[in-house]
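Source file: input.txt; contents: compact mmCIF, C-alpha atoms and all ligand atoms.
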# COMPACT_ATOMS: atom_id res chain seq x y z
CA MET A 71 -8.99 31.42 -8.62
CA ARG A 72 -9.56 28.51 -6.28
CA ILE A 73 -13.09 28.26 -4.90
CA PRO A 74 -13.16 27.27 -1.21
CA TYR A 75 -14.39 23.72 -0.79
CA ILE A 76 -15.95 22.46 2.45
CA ALA A 77 -16.71 18.74 2.68
CA GLY A 78 -18.48 16.84 5.45
CA ASN A 79 -17.27 13.29 6.05
CA TRP A 80 -19.98 11.70 8.18
CA LYS A 81 -17.90 8.53 8.69
CA MET A 82 -19.96 5.68 10.26
CA HIS A 83 -22.72 7.92 11.61
CA LYS A 84 -26.44 8.18 10.82
CA THR A 85 -28.86 5.60 9.45
CA ALA A 86 -30.46 6.28 6.08
CA SER A 87 -33.52 7.96 7.61
CA GLU A 88 -31.43 10.06 10.01
CA ALA A 89 -29.12 11.04 7.16
CA ALA A 90 -32.00 12.10 4.90
CA ALA A 91 -33.53 14.28 7.63
CA PHE A 92 -30.15 15.87 8.38
CA ALA A 93 -29.38 16.44 4.69
CA ARG A 94 -32.78 18.15 4.30
CA GLU A 95 -31.88 20.56 7.11
CA LEU A 96 -28.48 21.26 5.58
CA ARG A 97 -29.94 21.75 2.11
CA GLY A 98 -32.24 24.41 3.55
CA GLN A 99 -29.25 26.36 4.85
CA LEU A 100 -26.51 25.58 2.35
CA ASP A 101 -28.09 25.33 -1.10
CA GLY A 102 -26.58 28.15 -3.16
CA ALA A 103 -23.85 28.86 -0.55
CA PRO A 104 -20.85 30.75 -1.95
CA HIS A 105 -18.35 27.92 -1.40
CA THR A 106 -18.37 24.41 -2.85
CA VAL A 107 -20.11 22.14 -0.32
CA MET A 108 -20.06 18.33 -0.33
CA LEU A 109 -21.68 15.77 1.97
CA ALA A 110 -20.36 12.21 2.29
CA PRO A 111 -22.83 9.99 4.15
CA PRO A 112 -22.28 6.26 4.70
CA PHE A 113 -22.98 3.97 1.71
CA THR A 114 -26.34 2.86 3.08
CA ALA A 115 -27.59 6.46 3.15
CA LEU A 116 -26.36 7.53 -0.30
CA ALA A 117 -29.63 6.82 -2.11
CA ALA A 118 -31.75 8.68 0.45
CA VAL A 119 -29.37 11.67 0.62
CA SER A 120 -29.10 11.74 -3.17
CA ASP A 121 -32.89 12.22 -3.39
CA VAL A 122 -32.72 15.07 -0.87
CA LEU A 123 -29.86 16.85 -2.66
CA LYS A 124 -31.33 16.50 -6.18
CA ASP A 125 -31.09 19.78 -8.15
CA SER A 126 -29.22 21.55 -5.32
CA SER A 127 -25.71 23.01 -5.43
CA ILE A 128 -24.53 20.51 -2.79
CA LEU A 129 -22.35 17.67 -4.06
CA LEU A 130 -22.85 14.05 -3.00
CA GLY A 131 -19.71 12.18 -1.98
CA ALA A 132 -18.84 8.63 -0.99
CA GLN A 133 -16.30 7.78 1.71
CA ASN A 134 -14.54 4.98 -0.17
CA MET A 135 -14.96 2.61 -3.13
CA ALA A 136 -13.49 -0.61 -4.44
CA ALA A 137 -10.45 -0.69 -6.71
CA GLU A 138 -12.36 -2.90 -9.19
CA GLU A 139 -15.48 -2.23 -11.22
CA SER A 140 -17.25 -5.48 -10.34
CA GLY A 141 -16.62 -9.09 -9.45
CA ALA A 142 -16.18 -11.40 -6.48
CA HIS A 143 -15.39 -8.76 -3.86
CA THR A 144 -17.65 -9.46 -0.90
CA GLY A 145 -18.52 -6.35 1.04
CA GLU A 146 -17.07 -3.87 -1.47
CA VAL A 147 -18.90 -1.09 -3.33
CA SER A 148 -18.21 -0.31 -6.98
CA VAL A 149 -17.75 2.98 -8.76
CA LEU A 150 -20.66 2.03 -11.06
CA MET A 151 -22.98 1.65 -8.05
CA LEU A 152 -21.90 5.04 -6.72
CA LYS A 153 -22.38 6.80 -10.05
CA GLU A 154 -25.89 5.47 -10.48
CA LEU A 155 -26.82 7.01 -7.12
CA GLY A 156 -25.64 10.47 -8.18
CA VAL A 157 -22.29 10.40 -6.37
CA SER A 158 -19.85 12.79 -8.04
CA VAL A 159 -16.96 12.74 -5.56
CA VAL A 160 -15.21 9.97 -3.65
CA ILE A 161 -12.93 10.33 -0.63
CA LEU A 162 -9.93 8.01 -1.04
CA GLY A 163 -6.99 7.14 1.18
CA HIS A 164 -8.54 8.48 4.37
CA SER A 165 -6.19 7.85 7.29
CA GLU A 166 -8.78 5.57 8.90
CA ARG A 167 -8.71 3.42 5.74
CA ARG A 168 -4.89 3.49 5.69
CA HIS A 169 -4.31 2.80 9.38
CA SER A 170 -7.33 0.74 10.51
CA TYR A 171 -7.92 -1.19 7.28
CA GLY A 172 -4.40 -1.50 5.89
CA GLU A 173 -4.91 0.43 2.64
CA THR A 174 -1.60 0.98 0.86
CA ASP A 175 -0.53 3.77 -1.47
CA THR A 176 -0.73 1.24 -4.34
CA LEU A 177 -4.32 0.27 -3.58
CA ILE A 178 -5.33 3.91 -3.10
CA ASN A 179 -3.71 4.80 -6.43
CA ALA A 180 -5.75 2.09 -8.19
CA LYS A 181 -8.93 3.55 -6.67
CA VAL A 182 -7.99 7.12 -7.64
CA LYS A 183 -7.38 6.06 -11.25
CA LEU A 184 -10.63 4.09 -11.44
CA ALA A 185 -12.69 6.95 -9.99
CA LEU A 186 -11.16 9.42 -12.46
CA ALA A 187 -11.58 7.03 -15.40
CA HIS A 188 -15.30 6.95 -14.59
CA GLY A 189 -15.60 10.72 -14.51
CA LEU A 190 -15.81 11.11 -10.74
CA SER A 191 -13.77 13.58 -8.72
CA ALA A 192 -11.46 12.23 -6.04
CA ILE A 193 -10.42 13.69 -2.71
CA LEU A 194 -7.04 12.09 -2.03
CA CYS A 195 -6.28 12.19 1.70
CA ILE A 196 -2.71 12.32 2.91
CA GLY A 197 -1.08 13.10 6.24
CA GLU A 198 1.49 12.01 8.78
CA THR A 199 1.08 10.21 12.11
CA LEU A 200 2.31 11.72 15.37
CA ASP A 201 5.37 9.43 15.34
CA GLU A 202 6.24 10.55 11.82
CA ARG A 203 5.84 14.21 12.80
CA GLU A 204 8.02 13.77 15.87
CA ALA A 205 10.66 12.05 13.74
CA ASP A 206 10.66 15.07 11.39
CA ARG A 207 9.33 13.02 8.51
CA VAL A 208 6.30 15.13 7.49
CA THR A 209 7.68 16.23 4.12
CA GLU A 210 8.90 12.75 3.21
CA VAL A 211 5.54 11.15 4.13
CA VAL A 212 3.24 13.58 2.35
CA GLU A 213 5.47 13.68 -0.75
CA ARG A 214 5.45 9.87 -0.93
CA GLN A 215 1.69 9.63 -0.45
CA LEU A 216 1.17 12.23 -3.19
CA GLU A 217 3.58 10.74 -5.68
CA LYS A 218 2.30 7.18 -5.22
CA GLY A 219 -1.35 8.17 -4.90
CA LEU A 220 -1.24 10.14 -8.15
CA ALA A 221 1.01 7.79 -10.17
CA GLY A 222 -0.35 7.52 -13.70
CA VAL A 223 -2.88 10.37 -13.27
CA SER A 224 -2.67 12.75 -16.24
CA GLN A 225 -2.54 16.52 -15.86
CA ASP A 226 -5.95 16.64 -17.52
CA ALA A 227 -7.51 14.26 -14.97
CA LEU A 228 -5.73 16.08 -12.13
CA SER A 229 -8.26 18.90 -12.49
CA ARG A 230 -10.77 16.49 -10.88
CA VAL A 231 -8.52 15.75 -7.90
CA VAL A 232 -8.61 17.56 -4.57
CA ILE A 233 -5.94 16.89 -1.96
CA ALA A 234 -6.93 16.75 1.70
CA TYR A 235 -4.08 17.18 4.17
CA GLU A 236 -5.21 15.49 7.38
CA PRO A 237 -2.50 15.08 10.01
CA VAL A 238 -3.51 11.85 11.73
CA TRP A 239 -2.81 13.26 15.21
CA ALA A 240 -5.36 16.05 14.61
CA ILE A 241 -8.28 13.82 13.58
CA GLY A 242 -11.03 13.60 16.17
CA THR A 243 -8.64 14.67 18.92
CA GLY A 244 -9.54 18.35 19.25
CA LYS A 245 -5.88 19.13 18.40
CA THR A 246 -5.76 21.24 15.26
CA ALA A 247 -2.57 22.07 13.43
CA THR A 248 -2.00 25.81 13.80
CA PRO A 249 -2.87 27.72 10.63
CA ASP A 250 0.84 28.39 10.08
CA ASP A 251 1.84 24.74 10.57
CA ALA A 252 -0.90 23.52 8.26
CA ASP A 253 -0.10 26.15 5.65
CA SER A 254 3.57 25.17 5.61
CA VAL A 255 2.65 21.54 4.85
CA HIS A 256 0.15 22.72 2.22
CA ARG A 257 3.01 24.65 0.62
CA VAL A 258 5.13 21.47 0.55
CA ILE A 259 2.20 19.69 -1.13
CA ARG A 260 1.71 22.43 -3.73
CA ASN A 261 5.43 22.47 -4.53
CA LYS A 262 5.45 18.71 -4.95
CA LEU A 263 2.43 18.95 -7.28
CA ALA A 264 4.34 21.56 -9.30
CA ASP A 265 7.29 19.12 -9.56
CA LEU A 266 5.03 16.24 -10.59
CA TYR A 267 2.91 18.28 -13.05
CA SER A 268 3.40 22.01 -13.57
CA LYS A 269 3.23 25.22 -11.58
CA SER A 270 -0.03 26.21 -13.22
CA ALA A 271 -1.61 22.81 -12.46
CA ALA A 272 -0.40 23.04 -8.84
CA ASP A 273 -1.69 26.60 -8.48
CA ALA A 274 -5.13 25.53 -9.67
CA MET A 275 -5.46 22.68 -7.16
CA VAL A 276 -7.68 22.82 -4.13
CA ILE A 277 -5.91 21.57 -1.00
CA GLN A 278 -8.22 21.01 1.96
CA TYR A 279 -7.17 20.81 5.58
CA GLY A 280 -8.79 18.22 7.86
CA GLY A 281 -8.44 17.55 11.57
CA SER A 282 -10.68 19.05 14.26
CA VAL A 283 -11.98 21.88 12.07
CA LYS A 284 -14.63 23.80 14.02
CA PRO A 285 -16.56 27.08 13.60
CA ASP A 286 -14.04 28.87 15.82
CA ASN A 287 -10.89 27.85 13.92
CA VAL A 288 -12.12 27.73 10.32
CA VAL A 289 -11.59 31.42 9.54
CA GLY A 290 -7.97 31.39 10.75
CA LEU A 291 -7.19 28.26 8.73
CA MET A 292 -8.90 29.50 5.55
CA ALA A 293 -7.06 32.83 5.76
CA LYS A 294 -3.82 31.05 4.85
CA PRO A 295 -2.74 31.29 1.22
CA ASN A 296 -2.39 27.55 0.59
CA ILE A 297 -5.45 26.31 2.52
CA ASP A 298 -8.43 26.18 0.19
CA GLY A 299 -11.07 24.31 2.14
CA ALA A 300 -11.76 21.77 4.83
CA LEU A 301 -12.62 18.09 5.18
CA VAL A 302 -14.71 18.05 8.33
CA GLY A 303 -15.47 15.00 10.46
CA GLY A 304 -17.10 15.44 13.89
CA ALA A 305 -18.32 18.98 13.25
CA SER A 306 -20.05 17.90 10.02
CA LEU A 307 -22.63 15.95 12.05
CA LYS A 308 -24.44 18.92 13.56
CA THR A 309 -26.21 21.69 11.65
CA GLU A 310 -25.14 24.36 14.13
CA LEU A 311 -21.48 23.42 13.64
CA PHE A 312 -21.35 22.53 9.94
CA VAL A 313 -23.38 25.45 8.57
CA PRO A 314 -21.08 28.17 9.99
CA ILE A 315 -18.02 26.22 8.77
CA ALA A 316 -19.48 25.81 5.27
CA ARG A 317 -20.50 29.47 5.16
CA PHE A 318 -17.30 30.89 6.65
CA ASP A 319 -16.36 34.43 5.66
CA ARG A 320 -12.88 35.17 4.42
CA ALA A 321 -10.93 37.04 7.11
P1 LIG B 1 -12.50 15.48 12.68
O1 LIG B 1 -13.01 16.77 12.06
O2 LIG B 1 -13.51 14.79 13.53
O3 LIG B 1 -11.18 15.69 13.36
O4 LIG B 1 -12.23 14.47 11.47
C1 LIG B 1 -11.47 14.88 10.39
C2 LIG B 1 -11.57 13.86 9.32
O5 LIG B 1 -11.07 12.77 9.45
C3 LIG B 1 -12.35 14.21 8.13
O6 LIG B 1 -12.15 13.29 7.11

Serialized structure, structure tokens:
Amino acid sequence: MRIPYIAGNWKMHKTASEAAAFARELRGQLDGAPHTVMLAPPFTALAAVSDVLKDSSILLGAQNMAAEESGAHTGEVSVLMLKELGVSVVILGHSERRHSYGETDTLINAKVKLALAHGLSAILCIGETLDEREADRVTEVVERQLEKGLAGVSQDALSRVVIAYEPVWAIGTGKTATPDDADSVHRVIRNKLADLYSKSAADAMVIQYGGSVKPDNVVGLMAKPNIDGALVGGASLKTELFVPIARFDRA
């Protein structure tokens, strides 16, 4: 059985002190919640949030990491640095990294493999742009991002991968894919995972939806058979929005 997984991607919001105070509030309301819950603050707040989340059920995530362990990579953050701070999950291939910072499937794949080799879990983000959707290329795009993003990842390591389907046109726009639309892409993703690995591996995988998830649409999305959780941006920044999402009840 797949356990619902709700992750908050805080993006470039909150200083370390703001993040620690917010994480303390969330811990009070989400520690021991029935679903898996993860918080991904900015790099500069990881240490402070890690202290707050110590010995709780809430996972600490990072929003990105370098494709190398160490070296002359000005401005990058290494998997070793993340691990030492108690990070157990890293979000990779987010559409903002792909489209604003030019990350390719090849680079993202190198990061996925490095994270897994170091025992972290990875949330691999995939999703089409509006132009690609309008050109009827959704299946082709998500299948390519999956195949290239997971190249060289063993079936064993796959158990530490979560896929997040985030249609680019739904991110931060208030436009959510309908539950049926999202579920049909999630089905494409699960079928592709079955082709690449096995049906049992695909059936075990958590596939999150991301893109304008809010308290009033989470239940409808999570009711769909192939939607197993959410990667939440804007609504993860306020207790009164994130707590009801993270504690949603199955319809
Ligand atoms: P919004 O929830 O703000 O649309 O952001 C989604 C997202 O990009 C999460 O990674």

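Proximity ranking of A:Asn179, A:Gly163, A:Val289, A:Asp265 relative to Glu138 in chain A places A:Asn179 first, based on only C-alpha atoms.
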
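With only C-alpha atoms and all ligand atoms as the atoms that count, the minimum distance from ligand LIG 1 (chain B) to the choices A:Gln225, A:Ser126, A:Gln278, A:Asn79 is reached by A:Asn79.
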
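Among the candidate residues A:Gly141, A:Gly244, A:Pro314, A:Pro285, the one lying nearest to ligand LIG 1 (chain B) is A:Gly244, with distances computed using all atoms listed in the file.
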
Name the closest residue to ligand LIG 1 (chain B) among the candidates A:Ala271, A:Val258, A:Leu155, A:Ile196; distances are taken between atoms, counting only C-alpha atoms and all ligand atoms.
A:Ile196

Around ligand LIG 1 (chain B), out to 9 Å and counting all atoms listed in the file, which residues are there? I want them as a CSV table (one decimal) with C-alpha atoms, keeping the file's coordinate frame.
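The file below, part14.csv, is the result:
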chain,number,residue,atom,x,y,z
A,77,ALA,CA,-16.7,18.7,2.7
A,78,GLY,CA,-18.5,16.8,5.4
A,79,ASN,CA,-17.3,13.3,6.0
A,80,TRP,CA,-20.0,11.7,8.2
A,81,LYS,CA,-17.9,8.5,8.7
A,133,GLN,CA,-16.3,7.8,1.7
A,161,ILE,CA,-12.9,10.3,-0.6
A,164,HIS,CA,-8.5,8.5,4.4
A,165,SER,CA,-6.2,7.8,7.3
A,166,GLU,CA,-8.8,5.6,8.9
A,195,CYS,CA,-6.3,12.2,1.7
A,234,ALA,CA,-6.9,16.8,1.7
A,236,GLU,CA,-5.2,15.5,7.4
A,237,PRO,CA,-2.5,15.1,10.0
A,238,VAL,CA,-3.5,11.8,11.7
A,239,TRP,CA,-2.8,13.3,15.2
A,240,ALA,CA,-5.4,16.0,14.6
A,241,ILE,CA,-8.3,13.8,13.6
A,242,GLY,CA,-11.0,13.6,16.2
A,243,THR,CA,-8.6,14.7,18.9
A,244,GLY,CA,-9.5,18.4,19.2
A,245,LYS,CA,-5.9,19.1,18.4
A,246,THR,CA,-5.8,21.2,15.3
A,279,TYR,CA,-7.2,20.8,5.6
A,280,GLY,CA,-8.8,18.2,7.9
A,281,GLY,CA,-8.4,17.6,11.6
A,282,SER,CA,-10.7,19.0,14.3
A,283,VAL,CA,-12.0,21.9,12.1
A,284,LYS,CA,-14.6,23.8,14.0
A,300,ALA,CA,-11.8,21.8,4.8
A,301,LEU,CA,-12.6,18.1,5.2
A,302,VAL,CA,-14.7,18.0,8.3
A,303,GLY,CA,-15.5,15.0,10.5
A,304,GLY,CA,-17.1,15.4,13.9
A,305,ALA,CA,-18.3,19.0,13.2
A,306,SER,CA,-20.0,17.9,10.0

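Each of A:Gly290, A:Gly145, A:Pro111, A:Gly98 was compared to Asp253 in chain A using all atoms listed in the file, and A:Gly290 turns out to be the nearest.
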
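The environment of Ile193 in chain A within 6 Å, counting all atoms listed in the file and disregarding residues fewer than 2 places along the same chain, consists of Ile161, Leu162, Val231, Val232 and Ile233 of chain A.
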
Nearest to Val276 in chain A among A:Arg214, A:Glu146, A:Lys84, A:Thr106, with distances taken over all atoms listed in the file: which residue is it?
A:Thr106

With a distance cut-off of 9 Å and only C-alpha atoms, select the neighbouring residues of Leu123 in chain A, excluding the residue or stretch itself and same-chain residues fewer than 5 positions from it, and output the selection as a list of chain:residue names.
A:Ala93, A:Arg94, A:Arg97, A:Asp101, A:Ala118, A:Ile128, A:Leu129, A:Leu130

Within 9 Å of (-0.6, 23.7, -3.4) (file coordinates; all atoms listed in the file), which protein or nucleic acid residues are there? I'd like them as number ranges by chain.
A: 233, 256-264, 272-277, 296-298

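Note that the spacing between CA of Val119 in chain A and CA of Leu190 in chain A amounts to 17.7 Å.
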
Skipping near chain neighbours, those fewer than 3 positions away, what residues fall within 10 Å of Leu116 in chain A using all atoms listed in the file, listed as a VMD selection string?
chain A and resid 86 89 to 90 109 to 113 119 to 122 130 to 132 152 155 to 157

What is the CA of Thr85 in chain A-CA of Phe312 in chain A distance in Å, reported with one decimal?
18.5 Å

Atom-to-atom span, CA of Ala293 in chain A and CA of Val182 in chain A, Å
29.0 Å

Do a neighbour search on Pro104 in chain A at 9 Å with all atoms listed in the file, toss out local chain neighbours closer than 2 positions, and write the hits as an NGL selection string.
:A and (73-74 or 100 or 102 or 106-107 or 316-317)

I want to know what sits within 8 Å of Thr209 in chain A, based on all atoms listed in the file, with residues of the same chain fewer than 3 positions away left out; could you give that as JSON, numbers by chain?
{"A": [206, 212, 213, 255, 258]}

Place a sphere of radius 12 Å on (-15.9, 7.3, -13.5) in the file coordinates and name every protein, DNA or RNA residue with an atom inside or on its surface, counting only C-alpha atoms; give the answer as a PDB file with C-alpha atoms, keeping the file's coordinate frame.
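Result saved to out_37.pdb:
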ATOM      1  CA  MET A 135     -14.960   2.610  -3.130  1.00  0.00           C
ATOM      2  CA  ALA A 137     -10.450  -0.690  -6.710  1.00  0.00           C
ATOM      3  CA  GLU A 138     -12.360  -2.900  -9.190  1.00  0.00           C
ATOM      4  CA  GLU A 139     -15.480  -2.230 -11.220  1.00  0.00           C
ATOM      5  CA  SER A 148     -18.210  -0.310  -6.980  1.00  0.00           C
ATOM      6  CA  VAL A 149     -17.750   2.980  -8.760  1.00  0.00           C
ATOM      7  CA  LEU A 150     -20.660   2.030 -11.060  1.00  0.00           C
ATOM      8  CA  MET A 151     -22.980   1.650  -8.050  1.00  0.00           C
ATOM      9  CA  LEU A 152     -21.900   5.040  -6.720  1.00  0.00           C
ATOM     10  CA  LYS A 153     -22.380   6.800 -10.050  1.00  0.00           C
ATOM     11  CA  GLU A 154     -25.890   5.470 -10.480  1.00  0.00           C
ATOM     12  CA  GLY A 156     -25.640  10.470  -8.180  1.00  0.00           C
ATOM     13  CA  VAL A 157     -22.290  10.400  -6.370  1.00  0.00           C
ATOM     14  CA  SER A 158     -19.850  12.790  -8.040  1.00  0.00           C
ATOM     15  CA  VAL A 159     -16.960  12.740  -5.560  1.00  0.00           C
ATOM     16  CA  VAL A 160     -15.210   9.970  -3.650  1.00  0.00           C
ATOM     17  CA  LYS A 181      -8.930   3.550  -6.670  1.00  0.00           C
ATOM     18  CA  VAL A 182      -7.990   7.120  -7.640  1.00  0.00           C
ATOM     19  CA  LYS A 183      -7.380   6.060 -11.250  1.00  0.00           C
ATOM     20  CA  LEU A 184     -10.630   4.090 -11.440  1.00  0.00           C
ATOM     21  CA  ALA A 185     -12.690   6.950  -9.990  1.00  0.00           C
ATOM     22  CA  LEU A 186     -11.160   9.420 -12.460  1.00  0.00           C
ATOM     23  CA  ALA A 187     -11.580   7.030 -15.400  1.00  0.00           C
ATOM     24  CA  HIS A 188     -15.300   6.950 -14.590  1.00  0.00           C
ATOM     25  CA  GLY A 189     -15.600  10.720 -14.510  1.00  0.00           C
ATOM     26  CA  LEU A 190     -15.810  11.110 -10.740  1.00  0.00           C
ATOM     27  CA  SER A 191     -13.770  13.580  -8.720  1.00  0.00           C
ATOM     28  CA  ALA A 192     -11.460  12.230  -6.040  1.00  0.00           C
ATOM     29  CA  ALA A 227      -7.510  14.260 -14.970  1.00  0.00           C
ATOM     30  CA  ARG A 230     -10.770  16.490 -10.880  1.00  0.00           C
TER      31      ARG A 230
END
